[in-house]
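Structure first, commentary second.
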Amino acid sequence: MTDLIRAARIDTLGHDPVVASVPAPVAGPGQVLLRMSAAALNFADLLQAKGQYQERLAAPFVPGLEGAGTVLDCPPGCGLAPGMRVVVSAPATMAQVIAVDPAAVQPIPDAMSFEQAAGFQVAYGTSHLALTARGQLAAGQTLVVLGAAGGVGLTAVQIGVALGARVIGMVR
């Protein structure tokens with residue numbers, strides 16, 4: 001691997017990210033090294049870039065909360081192997097290579113593209129939690145989804161249908 005990789009970087013809160021060459025990460029003890037193929041862009045990422053998210057990061061930082069890629073190296077016994085296609089839920093996913101805890105990494109099926117996997121966790125996780133745990137949506141109920149054209153809205157529509165609800169999607 002080269003000494004430098006490309007990464008999106010927020011140098012100043014409230015300003016656009018820049019793509020920069022940064023030192024390649026080295027996996028610490030017990031960490032997994034991943035070559036990223038896709039990273040999701042979520043509303044939380046936009047808020048972080050402005051310094052308005054609940055978990056504030058000091059600039060400079062590499063944005064991203066989720067992505068997908070391939071295992072380059074991993075500790076023995078972690079259930080992963082080099083070459084495995086995976087999804088990751090961790091900070092700084094908008095870089096070519098990242099080092100993370102194995103608990104943040106899950107294998108993805110061959111039928112799922114890196115792009116699909118990268119945007120799966122936050123949007124679907126948010127909708128699923130809201131509809132099942134908080135909303136206790138049940139078959140036969142009616143679900144109205146405001147903002148049904150956005151990421152979380154689209155997933156709420158799909159999950160609502162899968163749960164057997166009558167779904168009404170609204171967009172502007």
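Each chain in the structure tokens gets a letter, A, B and so on, in the order shown; residues start at 1 in every chain, and ligands are counted from 1 in the order they appear.
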Taking 6 positions as the minimum chain separation for residues in the same chain, which residues sit within 12 Å of Ala95 (chain A) when counting only C-alpha atoms? Answer as JSON, numbers by chain. {"A": [4, 5, 6, 7, 8, 9, 18, 19, 20, 21, 22, 23, 24, 25, 33, 34, 35, 36, 37, 38, 39, 40, 61, 62, 63, 64, 65, 66, 67, 68, 69]}
Can you tell me, as JSON, numbers by chain, which residues in chain A count as alpha helix (DSSP H) by DSSP? {"A": [43, 44, 45, 46, 47, 48, 49, 50, 114, 115, 116, 117, 118, 121, 122, 123, 124, 125, 126, 127, 128, 151, 152, 153, 154, 155, 156, 157, 158, 159, 160, 161, 162]}
Please provide as a list in words all residues within 10 Å of Val100 (chain A), with the sequence filter that same-chain residues fewer than 6 positions apart are discarded (counting only C-alpha atoms).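 Contacts, in chain order: Pro25, Ala27, Gly28, Gly30, Gln31, Val32, Leu33, Leu34, Cys74, Val88, Ser89, Ala90, Pro91, Ala92 and Thr93 of chain A.
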Write the selection just made, keeping N, CA and C atoms, as a PDB file, in the first residue's frame?
ATOM      1  N   PRO A  25      -3.812   5.087   6.857  1.00  0.00           N
ATOM      2  CA  PRO A  25      -3.885   4.595   8.233  1.00  0.00           C
ATOM      3  C   PRO A  25      -3.157   3.255   8.381  1.00  0.00           C
ATOM      4  N   ALA A  27      -3.412  -0.119  10.778  1.00  0.00           N
ATOM      5  CA  ALA A  27      -4.295  -0.775  11.741  1.00  0.00           C
ATOM      6  C   ALA A  27      -3.563  -0.963  13.066  1.00  0.00           C
ATOM      7  N   GLY A  28      -4.233  -0.519  14.124  1.00  0.00           N
ATOM      8  CA  GLY A  28      -3.688  -0.739  15.454  1.00  0.00           C
ATOM      9  C   GLY A  28      -4.003  -2.153  15.912  1.00  0.00           C
ATOM     10  N   GLY A  30      -5.732  -5.243  17.024  1.00  0.00           N
ATOM     11  CA  GLY A  30      -7.140  -5.639  17.034  1.00  0.00           C
ATOM     12  C   GLY A  30      -8.004  -4.915  16.026  1.00  0.00           C
ATOM     13  N   GLN A  31      -7.452  -4.078  15.179  1.00  0.00           N
ATOM     14  CA  GLN A  31      -8.250  -3.342  14.193  1.00  0.00           C
ATOM     15  C   GLN A  31      -8.266  -4.030  12.835  1.00  0.00           C
ATOM     16  N   VAL A  32      -9.310  -3.705  12.072  1.00  0.00           N
ATOM     17  CA  VAL A  32      -9.478  -4.181  10.709  1.00  0.00           C
ATOM     18  C   VAL A  32      -9.092  -3.045   9.769  1.00  0.00           C
ATOM     19  N   LEU A  33      -8.372  -3.357   8.720  1.00  0.00           N
ATOM     20  CA  LEU A  33      -8.005  -2.375   7.705  1.00  0.00           C
ATOM     21  C   LEU A  33      -8.893  -2.626   6.489  1.00  0.00           C
ATOM     22  N   LEU A  34      -9.596  -1.591   6.042  1.00  0.00           N
ATOM     23  CA  LEU A  34     -10.545  -1.712   4.935  1.00  0.00           C
ATOM     24  C   LEU A  34     -10.186  -0.790   3.787  1.00  0.00           C
ATOM     25  N   CYS A  74      -6.870  -8.068   8.889  1.00  0.00           N
ATOM     26  CA  CYS A  74      -7.703  -8.167  10.080  1.00  0.00           C
ATOM     27  C   CYS A  74      -7.026  -9.053  11.120  1.00  0.00           C
ATOM     28  N   VAL A  88     -19.467  -1.091   6.877  1.00  0.00           N
ATOM     29  CA  VAL A  88     -18.881  -0.574   8.109  1.00  0.00           C
ATOM     30  C   VAL A  88     -19.697   0.604   8.613  1.00  0.00           C
ATOM     31  N   SER A  89     -19.876   0.646   9.911  1.00  0.00           N
ATOM     32  CA  SER A  89     -20.530   1.765  10.576  1.00  0.00           C
ATOM     33  C   SER A  89     -19.507   2.364  11.532  1.00  0.00           C
ATOM     34  N   ALA A  90     -18.835   3.413  11.073  1.00  0.00           N
ATOM     35  CA  ALA A  90     -17.748   4.026  11.839  1.00  0.00           C
ATOM     36  C   ALA A  90     -17.480   5.415  11.285  1.00  0.00           C
ATOM     37  N   PRO A  91     -16.829   6.261  12.058  1.00  0.00           N
ATOM     38  CA  PRO A  91     -16.476   7.587  11.556  1.00  0.00           C
ATOM     39  C   PRO A  91     -15.416   7.523  10.455  1.00  0.00           C
ATOM     40  N   ALA A  92     -15.356   8.575   9.654  1.00  0.00           N
ATOM     41  CA  ALA A  92     -14.292   8.805   8.674  1.00  0.00           C
ATOM     42  C   ALA A  92     -14.313   7.827   7.503  1.00  0.00           C
ATOM     43  N   THR A  93     -15.503   7.455   7.040  1.00  0.00           N
ATOM     44  CA  THR A  93     -15.601   6.491   5.937  1.00  0.00           C
ATOM     45  C   THR A  93     -15.354   7.101   4.560  1.00  0.00           C
TER      46      THR A  93
END
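What separates CA of Val86 (chain A) from CA of Gly151 (chain A) is a distance of 20.8 Å.
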Selected residue, from A:Leu131, A:Ile10, A:Ile168, A:Leu80, that lies nearest to Lys50 (chain A) when counting only C-alpha atoms: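 Ranking A:Leu131, A:Ile10, A:Ile168, A:Leu80 by distance to Lys50 (chain A), first place goes to A:Ile10.
Taking only C-alpha atoms, the non-local environment of Gln48 (chain A) within 10 Å (same-chain residues fewer than 2 positions away omitted) comprises Ile10, Leu13, Gly14, Asn42, Phe43, Ala44, Asp45, Leu46, Lys50, Gly51, Gln52, Tyr53, Gln54, Glu55, Arg56, Leu57, Ala58, Ala59, Phe61, Pro63 and Gly64 of chain A.
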Which of A:Ile108, A:Ala149, A:Pro29, A:Ala133 sits closest to Pro76 (chain A) [using only C-alpha atoms]: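 Answer, going by the shortest atom-to-atom distance: A:Pro29.
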Counting only C-alpha atoms, which of A:Ala148, A:Val97, A:Val105, A:Leu163 gets nearest to His128 (chain A)?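 Among the listed residues, the smallest separation from His128 (chain A) belongs to A:Leu163.
Take CA of Gly125 (chain A) and CA of Gly83 (chain A): the distance between them is 26.1 Å.
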Contacts of Ile159 (chain A) at 9 Å (only C-alpha atoms; same-chain gap of 5+ positions) as a ChimeraX atom specification: /A:124,127-128,131,154,164-165
Using only C-alpha atoms: which of A:Met170, A:Arg134, A:Met94, A:Gly79 has the shortest distance to Gly147 (chain A): A:Met170
Using Å and a single decimal, report how far CA of Thr155 (chain A) sits from CA of Pro107 (chain A).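 Atom-to-atom, CA of Pro107 (chain A) and CA of Thr155 (chain A) are spaced 20.9 Å apart.
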Could you give me, as a PyMOL selection string, each residue of region 58-165 of chain A that DSSP assigns to strand (DSSP E) when run on this structure's backbone? chain A and resi 66-73+85-89+97-100+105-107+142-146
Under the rule that only C-alpha atoms are counted, which of A:Val26, A:Ala162, A:Leu72, A:Leu41 is the nearest residue to Gln121 (chain A)?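 Closest residue, counting only C-alpha atoms: A:Leu41.
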Env of Asp110 (chain A): 12 Å cut, atoms = only C-alpha atoms, seq-sep filter 3 positions within chain, self excluded. Answer as an MDAnalysis selection string. chainID A and resid 84:87 107 113:114 116:117
For the residues selected in the previous step, produce a file with all heavy atoms as a PDB file, in the first residue's frame.
ATOM      1  N   MET A  84     -12.776 -10.112   1.944  1.00  0.00           N
ATOM      2  CA  MET A  84     -14.210 -10.175   2.251  1.00  0.00           C
ATOM      3  C   MET A  84     -14.866  -8.829   1.982  1.00  0.00           C
ATOM      4  O   MET A  84     -14.323  -7.779   2.311  1.00  0.00           O
ATOM      5  CB  MET A  84     -14.398 -10.579   3.714  1.00  0.00           C
ATOM      6  CG  MET A  84     -15.831 -10.801   4.130  1.00  0.00           C
ATOM      7  SD  MET A  84     -15.951 -11.342   5.873  1.00  0.00           S
ATOM      8  CE  MET A  84     -15.583 -13.066   5.665  1.00  0.00           C
ATOM      9  N   ARG A  85     -16.043  -8.875   1.368  1.00  0.00           N
ATOM     10  CA  ARG A  85     -16.849  -7.666   1.116  1.00  0.00           C
ATOM     11  C   ARG A  85     -17.642  -7.350   2.382  1.00  0.00           C
ATOM     12  O   ARG A  85     -18.330  -8.224   2.912  1.00  0.00           O
ATOM     13  CB  ARG A  85     -17.789  -7.914  -0.057  1.00  0.00           C
ATOM     14  CG  ARG A  85     -17.034  -8.182  -1.360  1.00  0.00           C
ATOM     15  CD  ARG A  85     -17.883  -8.722  -2.478  1.00  0.00           C
ATOM     16  NE  ARG A  85     -18.987  -8.340  -2.693  1.00  0.00           N
ATOM     17  CZ  ARG A  85     -20.036  -7.416  -2.795  1.00  0.00           C
ATOM     18  NH1 ARG A  85     -20.279  -6.919  -2.801  1.00  0.00           N
ATOM     19  NH2 ARG A  85     -21.027  -6.990  -2.954  1.00  0.00           N
ATOM     20  N   VAL A  86     -17.545  -6.101   2.848  1.00  0.00           N
ATOM     21  CA  VAL A  86     -18.146  -5.747   4.133  1.00  0.00           C
ATOM     22  C   VAL A  86     -18.795  -4.369   4.107  1.00  0.00           C
ATOM     23  O   VAL A  86     -18.516  -3.543   3.247  1.00  0.00           O
ATOM     24  CB  VAL A  86     -17.091  -5.780   5.258  1.00  0.00           C
ATOM     25  CG1 VAL A  86     -16.552  -7.190   5.480  1.00  0.00           C
ATOM     26  CG2 VAL A  86     -15.953  -4.800   4.983  1.00  0.00           C
ATOM     27  N   VAL A  87     -19.641  -4.156   5.090  1.00  0.00           N
ATOM     28  CA  VAL A  87     -20.219  -2.850   5.375  1.00  0.00           C
ATOM     29  C   VAL A  87     -19.638  -2.405   6.713  1.00  0.00           C
ATOM     30  O   VAL A  87     -19.321  -3.243   7.568  1.00  0.00           O
ATOM     31  CB  VAL A  87     -21.774  -2.918   5.413  1.00  0.00           C
ATOM     32  CG1 VAL A  87     -22.273  -3.789   6.538  1.00  0.00           C
ATOM     33  CG2 VAL A  87     -22.385  -1.534   5.486  1.00  0.00           C
ATOM     34  N   PRO A 107     -20.153  -8.624   7.190  1.00  0.00           N
ATOM     35  CA  PRO A 107     -20.117  -9.077   5.800  1.00  0.00           C
ATOM     36  C   PRO A 107     -21.388  -8.675   5.054  1.00  0.00           C
ATOM     37  O   PRO A 107     -22.448  -8.533   5.671  1.00  0.00           O
ATOM     38  CB  PRO A 107     -20.042 -10.604   5.912  1.00  0.00           C
ATOM     39  CG  PRO A 107     -19.680 -10.896   7.317  1.00  0.00           C
ATOM     40  CD  PRO A 107     -20.125  -9.733   8.137  1.00  0.00           C
ATOM     41  N   SER A 113     -24.626  -4.534  -3.869  1.00  0.00           N
ATOM     42  CA  SER A 113     -23.495  -3.734  -4.344  1.00  0.00           C
ATOM     43  C   SER A 113     -22.894  -2.949  -3.176  1.00  0.00           C
ATOM     44  O   SER A 113     -23.525  -2.760  -2.137  1.00  0.00           O
ATOM     45  CB  SER A 113     -23.951  -2.758  -5.436  1.00  0.00           C
ATOM     46  OG  SER A 113     -24.730  -1.725  -4.867  1.00  0.00           O
ATOM     47  N   PHE A 114     -21.667  -2.486  -3.367  1.00  0.00           N
ATOM     48  CA  PHE A 114     -21.041  -1.648  -2.348  1.00  0.00           C
ATOM     49  C   PHE A 114     -21.866  -0.386  -2.111  1.00  0.00           C
ATOM     50  O   PHE A 114     -22.030   0.059  -0.978  1.00  0.00           O
ATOM     51  CB  PHE A 114     -19.615  -1.267  -2.764  1.00  0.00           C
ATOM     52  CG  PHE A 114     -18.624  -2.386  -2.658  1.00  0.00           C
ATOM     53  CD1 PHE A 114     -17.907  -2.784  -3.764  1.00  0.00           C
ATOM     54  CD2 PHE A 114     -18.389  -3.035  -1.456  1.00  0.00           C
ATOM     55  CE1 PHE A 114     -16.974  -3.810  -3.680  1.00  0.00           C
ATOM     56  CE2 PHE A 114     -17.464  -4.064  -1.354  1.00  0.00           C
ATOM     57  CZ  PHE A 114     -16.757  -4.453  -2.472  1.00  0.00           C
ATOM     58  N   GLN A 116     -25.146   0.047  -2.488  1.00  0.00           N
ATOM     59  CA  GLN A 116     -26.341  -0.285  -1.716  1.00  0.00           C
ATOM     60  C   GLN A 116     -25.985  -0.499  -0.249  1.00  0.00           C
ATOM     61  O   GLN A 116     -26.679  -0.002   0.643  1.00  0.00           O
ATOM     62  CB  GLN A 116     -27.007  -1.547  -2.272  1.00  0.00           C
ATOM     63  CG  GLN A 116     -27.647  -1.357  -3.622  1.00  0.00           C
ATOM     64  CD  GLN A 116     -28.022  -2.696  -4.261  1.00  0.00           C
ATOM     65  OE1 GLN A 116     -27.357  -3.708  -4.082  1.00  0.00           O
ATOM     66  NE2 GLN A 116     -29.107  -2.683  -5.027  1.00  0.00           N
ATOM     67  N   ALA A 117     -24.938  -1.237  -0.007  1.00  0.00           N
ATOM     68  CA  ALA A 117     -24.542  -1.536   1.364  1.00  0.00           C
ATOM     69  C   ALA A 117     -24.121  -0.275   2.114  1.00  0.00           C
ATOM     70  O   ALA A 117     -24.440  -0.112   3.294  1.00  0.00           O
ATOM     71  CB  ALA A 117     -23.397  -2.552   1.371  1.00  0.00           C
TER      72      ALA A 117
END
